[in-house]
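Next up, input-v1.cif (mmCIF, C-alpha atoms):
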data_entry
loop_
_atom_site.group_PDB
_atom_site.id
_atom_site.type_symbol
_atom_site.label_atom_id
_atom_site.label_comp_id
_atom_site.auth_asym_id
_atom_site.auth_seq_id
_atom_site.Cartn_x
_atom_site.Cartn_y
_atom_site.Cartn_z
ATOM 1 C CA ARG U 849 -2.312 40.898 1.631
ATOM 2 C CA GLY U 850 1.003 40.129 -0.018
ATOM 3 C CA ASP U 851 1.902 37.115 -2.053
ATOM 4 C CA GLN U 852 0.409 33.920 -0.702
ATOM 5 C CA THR U 853 2.336 30.705 -1.078
ATOM 6 C CA TRP U 854 0.643 27.416 -0.272
ATOM 7 C CA LEU U 855 2.190 24.034 0.446
ATOM 8 C CA LEU U 856 -0.194 21.210 -0.416
ATOM 9 C CA PHE U 857 0.246 17.973 1.512
ATOM 10 C CA ALA U 858 -1.471 15.272 -0.534
ATOM 11 C CA TYR U 859 -1.891 12.112 1.519
ATOM 12 C CA SER U 860 -4.000 9.043 1.971
ATOM 13 C CA ALA U 861 -5.373 7.987 5.355
ATOM 14 C CA SER U 862 -4.687 4.378 4.422
ATOM 15 C CA CYS U 863 -1.006 5.136 3.724
ATOM 16 C CA ARG U 864 1.143 4.506 6.796
ATOM 17 C CA HIS U 865 3.953 6.749 5.549
ATOM 18 C CA SER U 866 1.487 9.607 5.088
ATOM 19 C CA GLU U 867 0.309 9.246 8.671
ATOM 20 C CA GLU U 868 3.904 9.272 9.918
ATOM 21 C CA LEU U 869 4.462 12.652 8.249
ATOM 22 C CA VAL U 870 1.583 14.441 10.004
ATOM 23 C CA PRO U 871 3.761 15.703 12.919
ATOM 24 C CA LEU U 872 6.314 17.079 10.446
ATOM 25 C CA VAL U 873 3.601 18.876 8.477
ATOM 26 C CA GLU U 874 2.154 20.349 11.680
ATOM 27 C CA GLN U 875 5.604 21.530 12.766
ATOM 28 C CA PHE U 876 6.193 23.038 9.318
ATOM 29 C CA ALA U 877 2.901 24.939 9.529
ATOM 30 C CA GLU U 878 3.791 26.308 12.962
ATOM 31 C CA THR U 879 7.390 27.216 12.025
ATOM 32 C CA LEU U 880 6.442 29.054 8.841
ATOM 33 C CA ARG U 881 3.156 30.506 10.059
ATOM 34 C CA GLY U 882 2.528 33.753 8.185
ATOM 35 C CA PHE U 883 5.029 32.930 5.455
ATOM 36 C CA VAL U 884 3.828 29.705 3.823
ATOM 37 C CA HIS U 885 0.257 28.453 4.217
ATOM 38 C CA VAL U 886 -0.425 24.734 4.468
ATOM 39 C CA ALA U 887 -3.313 22.720 3.072
ATOM 40 C CA ALA U 888 -3.828 18.970 3.346
ATOM 41 C CA VAL U 889 -6.068 16.791 1.217
ATOM 42 C CA ASP U 890 -6.876 13.104 1.587
ATOM 43 C CA LEU U 891 -6.743 11.731 -1.946
ATOM 44 C CA GLY U 892 -8.347 8.529 -0.733
ATOM 45 C CA ILE U 893 -11.528 10.547 -0.268
ATOM 46 C CA HIS U 894 -11.012 13.210 -2.953
ATOM 47 C CA SER U 895 -9.721 10.962 -5.720
ATOM 48 C CA HIS U 896 -10.872 13.412 -8.394
ATOM 49 C CA LEU U 897 -8.206 15.857 -7.152
ATOM 50 C CA ALA U 898 -5.509 13.260 -7.730
ATOM 51 C CA ARG U 899 -6.502 13.151 -11.401
ATOM 52 C CA GLN U 900 -6.937 16.910 -11.615
ATOM 53 C CA LEU U 901 -3.528 17.617 -10.074
ATOM 54 C CA SER U 902 -1.772 14.687 -11.783
ATOM 55 C CA ILE U 903 -0.700 13.168 -8.467
ATOM 56 C CA ASP U 904 -0.138 9.439 -8.754
ATOM 57 C CA ALA U 905 1.393 8.679 -5.346
ATOM 58 C CA THR U 906 1.109 9.711 -1.713
ATOM 59 C CA PRO U 907 2.504 11.413 0.200
ATOM 60 C CA THR U 908 3.254 14.321 -2.145
ATOM 61 C CA PHE U 909 4.186 17.927 -1.411
ATOM 62 C CA ARG U 910 3.343 20.604 -3.976
ATOM 63 C CA LEU U 911 3.867 24.358 -3.804
ATOM 64 C CA TRP U 912 1.630 27.047 -5.279
ATOM 65 C CA SER U 913 2.135 30.805 -5.384
ATOM 66 C CA SER U 914 -0.677 33.352 -5.703
ATOM 67 C CA ASP U 915 1.294 35.334 -8.288
ATOM 68 C CA GLY U 916 0.808 32.491 -10.754
ATOM 69 C CA LEU U 917 4.511 32.184 -11.515
ATOM 70 C CA LYS U 918 5.088 28.888 -9.743
ATOM 71 C CA LEU U 919 2.265 26.420 -10.061
ATOM 72 C CA GLY U 920 2.379 22.941 -8.650
ATOM 73 C CA GLU U 921 6.126 22.558 -8.182
ATOM 74 C CA GLU U 922 6.808 19.273 -6.404
ATOM 75 C CA PHE U 923 9.271 18.684 -3.567
ATOM 76 C CA ARG U 924 11.628 15.886 -4.630
ATOM 77 C CA GLU U 925 14.478 16.063 -2.120
ATOM 78 C CA LYS U 926 15.048 13.762 0.843
ATOM 79 C CA LEU U 927 12.389 14.873 3.282
ATOM 80 C CA THR U 928 13.324 16.713 6.472
ATOM 81 C CA LEU U 929 11.654 19.712 8.088
ATOM 82 C CA ARG U 930 14.704 21.886 7.425
ATOM 83 C CA ARG U 931 14.901 20.943 3.748
ATOM 84 C CA LEU U 932 11.175 21.372 3.176
ATOM 85 C CA ALA U 933 11.216 24.796 4.860
ATOM 86 C CA LYS U 934 14.300 25.957 2.953
ATOM 87 C CA TRP U 935 12.848 24.736 -0.352
ATOM 88 C CA SER U 936 9.504 26.452 0.280
ATOM 89 C CA LEU U 937 11.033 29.785 1.298
ATOM 90 C CA SER U 938 13.397 29.749 -1.670
ATOM 91 C CA ARG U 939 10.376 29.657 -4.008
ATOM 92 C CA LEU U 940 8.861 32.887 -2.695
ATOM 93 C CA THR U 941 8.787 35.746 -5.194
ATOM 94 C CA ASP U 942 11.726 38.147 -4.899
ATOM 95 C CA ARG U 943 10.357 41.712 -4.907
ATOM 96 C CA VAL U 944 13.520 43.465 -3.724
ATOM 97 C CA HIS U 945 14.772 46.493 -5.676
ATOM 98 C CA THR U 946 18.541 46.691 -6.070
ATOM 99 C CA LEU U 947 19.935 50.218 -5.739
ATOM 100 C CA ARG U 948 23.054 50.339 -7.903
ATOM 101 C CA GLN U 949 23.448 54.063 -8.468
ATOM 102 C CA ARG U 950 22.176 57.391 -7.205
ATOM 103 C CA SER U 951 19.538 57.634 -9.937
ATOM 104 C CA ASP U 952 17.859 54.466 -8.608
ATOM 105 C CA LEU U 953 16.918 56.239 -5.382
ATOM 106 C CA GLY U 954 14.285 58.614 -6.789
ATOM 107 C CA PRO U 955 11.928 55.953 -8.177
ATOM 108 C CA PHE U 956 12.338 53.879 -5.030
ATOM 109 C CA TRP U 957 11.470 56.788 -2.715
ATOM 110 C CA ASP U 958 8.342 57.349 -4.819
ATOM 111 C CA GLU U 959 7.288 53.741 -4.180
ATOM 112 C CA CYS U 960 8.226 54.068 -0.529
ATOM 113 C CA SER U 961 6.011 57.096 0.041
ATOM 114 C CA SER U 962 3.102 55.365 -1.742
ATOM 115 C CA ALA U 963 3.318 52.127 0.247
ATOM 116 C CA LYS U 964 0.937 51.886 3.213
ATOM 117 C CA CYS U 965 3.694 51.046 5.697
ATOM 118 C CA GLY U 966 6.692 52.642 3.996
ATOM 119 C CA CYS U 967 9.819 50.795 3.009
ATOM 120 C CA GLY U 968 12.776 48.806 4.199
ATOM 121 C CA VAL U 969 16.362 49.129 2.998
ATOM 122 C CA LEU U 970 19.191 46.670 3.534
ATOM 123 C CA VAL U 971 22.825 47.664 3.095
ATOM 124 C CA THR U 972 25.054 44.604 2.996
ATOM 125 C CA ASN U 973 28.436 43.366 1.850
ATOM 126 C CA GLN U 974 26.826 40.293 0.333
ATOM 127 C CA SER U 975 26.650 39.906 -3.446
ATOM 128 C CA SER U 976 23.105 38.503 -3.693
ATOM 129 C CA THR U 977 19.725 38.977 -2.027
ATOM 130 C CA PRO U 978 19.737 37.489 1.505
ATOM 131 C CA PRO U 979 16.926 34.933 1.936
ATOM 132 C CA ILE U 980 15.351 36.839 4.841
ATOM 133 C CA LEU U 981 14.914 39.972 2.699
ATOM 134 C CA LYS U 982 13.484 37.980 -0.189
ATOM 135 C CA VAL U 983 10.886 36.427 2.109
ATOM 136 C CA LEU U 984 9.965 39.740 3.747
ATOM 137 C CA SER U 985 9.595 41.432 0.363
ATOM 138 C CA SER U 986 7.182 38.722 -0.729
ATOM 139 C CA VAL U 987 4.952 38.359 2.323
ATOM 140 C CA LEU U 988 4.740 42.087 3.132
ATOM 141 C CA PHE U 989 4.073 43.242 -0.442
ATOM 142 C CA PRO U 990 2.492 45.708 -1.200
ATOM 143 C CA ARG U 991 2.282 47.202 2.297
ATOM 144 C CA VAL U 992 6.068 47.476 2.559
ATOM 145 C CA VAL U 993 8.481 47.795 -0.360
ATOM 146 C CA PHE U 994 12.103 46.749 -0.023
ATOM 147 C CA ALA U 995 15.426 47.690 -1.561
ATOM 148 C CA GLN U 996 18.988 46.532 -1.103
ATOM 149 C CA VAL U 997 22.462 47.885 -1.656
ATOM 150 C CA LEU U 998 24.890 45.041 -2.313
ATOM 151 C CA ARG U 999 28.676 44.683 -2.103
ATOM 152 C CA VAL U 1000 29.155 47.559 0.344
ATOM 153 C CA ASP U 1001 32.640 47.303 1.821
ATOM 154 C CA SER U 1002 32.849 50.662 3.643
ATOM 155 C CA PRO U 1003 30.624 53.485 4.994
ATOM 156 C CA GLN U 1004 32.064 55.685 2.232
ATOM 157 C CA HIS U 1005 30.119 53.730 -0.401
ATOM 158 C CA GLU U 1006 28.112 56.413 -2.244
ATOM 159 C CA ILE U 1007 24.596 55.029 -1.791
ATOM 160 C CA ALA U 1008 25.296 53.698 1.698
ATOM 161 C CA ALA U 1009 26.444 57.167 2.724
ATOM 162 C CA LEU U 1010 23.350 58.782 1.211
ATOM 163 C CA LEU U 1011 21.171 56.394 3.200
ATOM 164 C CA GLY U 1012 23.090 57.047 6.416
ATOM 165 C CA ALA U 1013 24.257 53.450 6.833
ATOM 166 C CA ALA U 1014 27.176 53.412 9.252
ATOM 167 C CA ARG U 1015 27.803 49.671 9.106
ATOM 168 C CA THR U 1016 26.867 46.442 7.368
ATOM 169 C CA PRO U 1017 24.531 44.737 7.546
ATOM 170 C CA TRP U 1018 22.182 47.682 8.081
ATOM 171 C CA LEU U 1019 18.431 47.114 7.844
ATOM 172 C CA SER U 1020 16.196 50.124 8.265
ATOM 173 C CA ALA U 1021 12.590 51.237 7.936
ATOM 174 C CA ARG U 1022 11.167 54.619 7.000
ATOM 175 C CA ARG U 1023 8.037 56.151 5.540
ATOM 176 C CA GLU U 1024 9.706 58.233 2.856
ATOM 177 C CA GLU U 1025 13.081 59.699 1.939
ATOM 178 C CA ARG U 1026 13.308 62.450 4.538
ATOM 179 C CA LYS U 1027 11.338 60.838 7.340
ATOM 180 C CA GLN U 1028 12.948 59.458 10.489
ATOM 181 C CA VAL U 1029 14.838 56.212 9.997
ATOM 182 C CA GLN U 1030 14.373 53.304 12.390
ATOM 183 C CA VAL U 1031 17.135 50.691 12.371
ATOM 184 C CA TYR U 1032 16.448 47.019 13.020
ATOM 185 C CA ASP U 1033 18.941 45.779 15.612
ATOM 186 C CA GLY U 1034 17.497 42.327 16.189
ATOM 187 C CA PRO U 1035 18.838 38.950 15.050
ATOM 188 C CA PRO U 1036 18.261 37.697 11.491
ATOM 189 C CA ASP U 1037 14.956 36.129 12.503
ATOM 190 C CA LEU U 1038 12.031 36.161 10.055
ATOM 191 C CA HIS U 1039 9.286 36.546 12.640
ATOM 192 C CA ARG U 1040 11.007 39.337 14.593
ATOM 193 C CA ALA U 1041 11.921 41.227 11.436
ATOM 194 C CA ARG U 1042 8.370 40.914 10.158
ATOM 195 C CA ARG U 1043 6.955 42.283 13.415
ATOM 196 C CA PHE U 1044 9.424 45.173 13.194
ATOM 197 C CA PHE U 1045 8.134 46.248 9.776
ATOM 198 C CA GLU U 1046 4.478 45.538 10.487
ATOM 199 C CA GLY U 1047 4.789 47.699 13.590
ATOM 200 C CA ARG U 1048 5.402 50.648 11.308
ATOM 201 C CA CYS U 1049 1.826 50.305 10.052
ATOM 202 C CA LYS U 1050 0.470 51.056 13.492
ATOM 203 C CA ARG U 1051 2.314 54.323 13.942
#

Would you put the structure from the file into structure tokens?
Amino acid sequence: RGDQTWLLFAYSASCRHSEELVPLVEQFAETLRGFVHVAAVDLGIHSHLARQLSIDATPTFRLWSSDGLKLGEEFREKLTLRRLAKWSLSRLTDRVHTLRQRSDLGPFWDECSSAKCGCGVLVTNQSSTPPILKVLSSVLFPRVVFAQVLRVDSPQHEIAALLGAARTPWLSARREERKQVQVYDGPPDLHRARRFFEGRCKR
């Protein structure tokens, strides 16, 4: 179900620094539950994996994606929970369609009606894909497909008007073009937004 991204925590039980990082790894797993999976391996026991993965020091954090596009990328920044989470989420595959003109709507509605749980559309005045939409598009694919309309500065914007967006940001869910639209009015929170879209599957 969806793209699966895994963070590998390679450690050694005999390494004091590795042991000190266990609470951070546990907090990371809880914070990003459902978005990034976590696996831990003791290279002191499984030394063959160190050779296989070309890991020559512990602790090491590596990221893998099930789409095969990002394999074994290593975290090299100063380690904090916030930085590790931001880095991991930024590596998720962006599956958001950008609707630039009226002719883009037809193909998107076709995908929307074919998706098990419909689609989500964001209308925003931003000029690039917001991180929350990128993450949702990755973890909910292919059950929900997502599109965005960028640089919308007024409700009179052609595509925004066609979608019925009265304001920005405007995040909505629907099953197909002419079905009832449900607008997400919650905060920009990944878990709440995910529950909003997954709830459409149960209707």

Next item on the list: Report the distance between CA of Val993 (chain U) and CA of Cys967 (chain U) in Å, rounded to one decimal place.
Entry: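 Interatomic distance, CA of Val993 (chain U) to CA of Cys967 (chain U): 4.7 Å.
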
Item checked: Pick from U:Glu1046, U:Glu921, U:Asp942, U:Glu874, whichever lies nearest to Ala1021 (chain U) using all atoms listed in the file ->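 Among the listed residues, U:Glu1046 lies closest to Ala1021 (chain U).
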
Note to self: Here is a test: counting only C-alpha atoms, which residue of U:Phe909, U:Trp1018, U:Phe876, U:Phe923 is nearest to Phe857 (chain U)?
What the structure shows: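 With only C-alpha atoms as the atom set, the closest residue is U:Phe909.
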
Margin query: Ranking U:Phe989, U:Val971, U:Phe1044, U:Ser862 by minimum distance to Ala1013 (chain U) and counting all atoms listed in the file, which one comes first?
Written below: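 Using all atoms listed in the file, the shortest distance to Ala1013 (chain U) belongs to U:Val971.
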
Next item on the list: Might you spell out which residues the PyMOL selection byres ((chain U and resi 887) around 9) would select in the displayed file, as an MDAnalysis selection string?
Entry: chainID U and resid 854:858 885:886 888:889

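This file gives the following result for the PyMOL selection byres ((chain U and resi 925-932) around 8): Leu872, Gln875, Phe876, Phe923, Arg924, Ala933, Lys934, Trp935 and Ser936 of chain U.
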
Item checked: Picked residues, the PyMOL selection byres ((chain U and resi 994) around 6), expected as JSON, numbers by chain -> {"U": [944, 967, 968, 969, 985, 993, 995]}

Writer output for current selection, C-alpha atoms, as a tab-separated table (two decimals), in the frame of the given file:
chain	number	residue	atom	x	y	z
U	944	VAL	CA	13.52	43.46	-3.72
U	967	CYS	CA	9.82	50.80	3.01
U	968	GLY	CA	12.78	48.81	4.20
U	969	VAL	CA	16.36	49.13	3.00
U	985	SER	CA	9.60	41.43	0.36
U	993	VAL	CA	8.48	47.80	-0.36
U	995	ALA	CA	15.43	47.69	-1.56

Notebook entry, point to check: Hey, can you check how far CA of Trp957 (chain U) sits from CA of Arg1026 (chain U)?
Noted result: 9.4 Å

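Counting only C-alpha atoms and comparing U:Gly966, U:Gly882, U:Pro1017, U:Pro1003, the residue that lies closest to Pro978 (chain U) is U:Pro1017.
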
Checklist line | Nearest candidate to Ser975 (chain U) (options U:Cys960, U:Leu988, U:Val1000, U:Ala1014; using all atoms listed in the file) | finding: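 Ranked by minimum distance to Ser975 (chain U), first place goes to U:Val1000.
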
Next item on the list: Find, counting only C-alpha atoms, the residue in U:Val884, U:Leu1019, U:Leu1011, U:Val870 that gets nearest to Thr972 (chain U).
Entry: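 Smallest distance to Thr972 (chain U) is found for U:Leu1019.
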
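CA of Tyr1032 (chain U) is positioned 24.8 Å from CA of Gln852 (chain U).
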
To box region 1027-1035 of chain U, take all atoms listed in the file, fit an axis-aligned box, add 4 Å on each side, and give centre and edge lengths in Å to one decimal, as JSON.
{"center_x": 15.1, "center_y": 49.9, "center_z": 11.8, "size_x": 15.6, "size_y": 29.9, "size_z": 16.8}

Give me the residues within 10 Å of His865 (chain U) as a PDB file with C-alpha atoms, keeping the file's coordinate frame, counting all atoms listed in the file and dropping any in the same chain fewer than 6 places off.
ATOM      1  CA  TYR U 859      -1.891  12.112   1.519  1.00  0.00           C
ATOM      2  CA  THR U 906       1.109   9.711  -1.713  1.00  0.00           C
ATOM      3  CA  PRO U 907       2.504  11.413   0.200  1.00  0.00           C
TER       4      PRO U 907
END
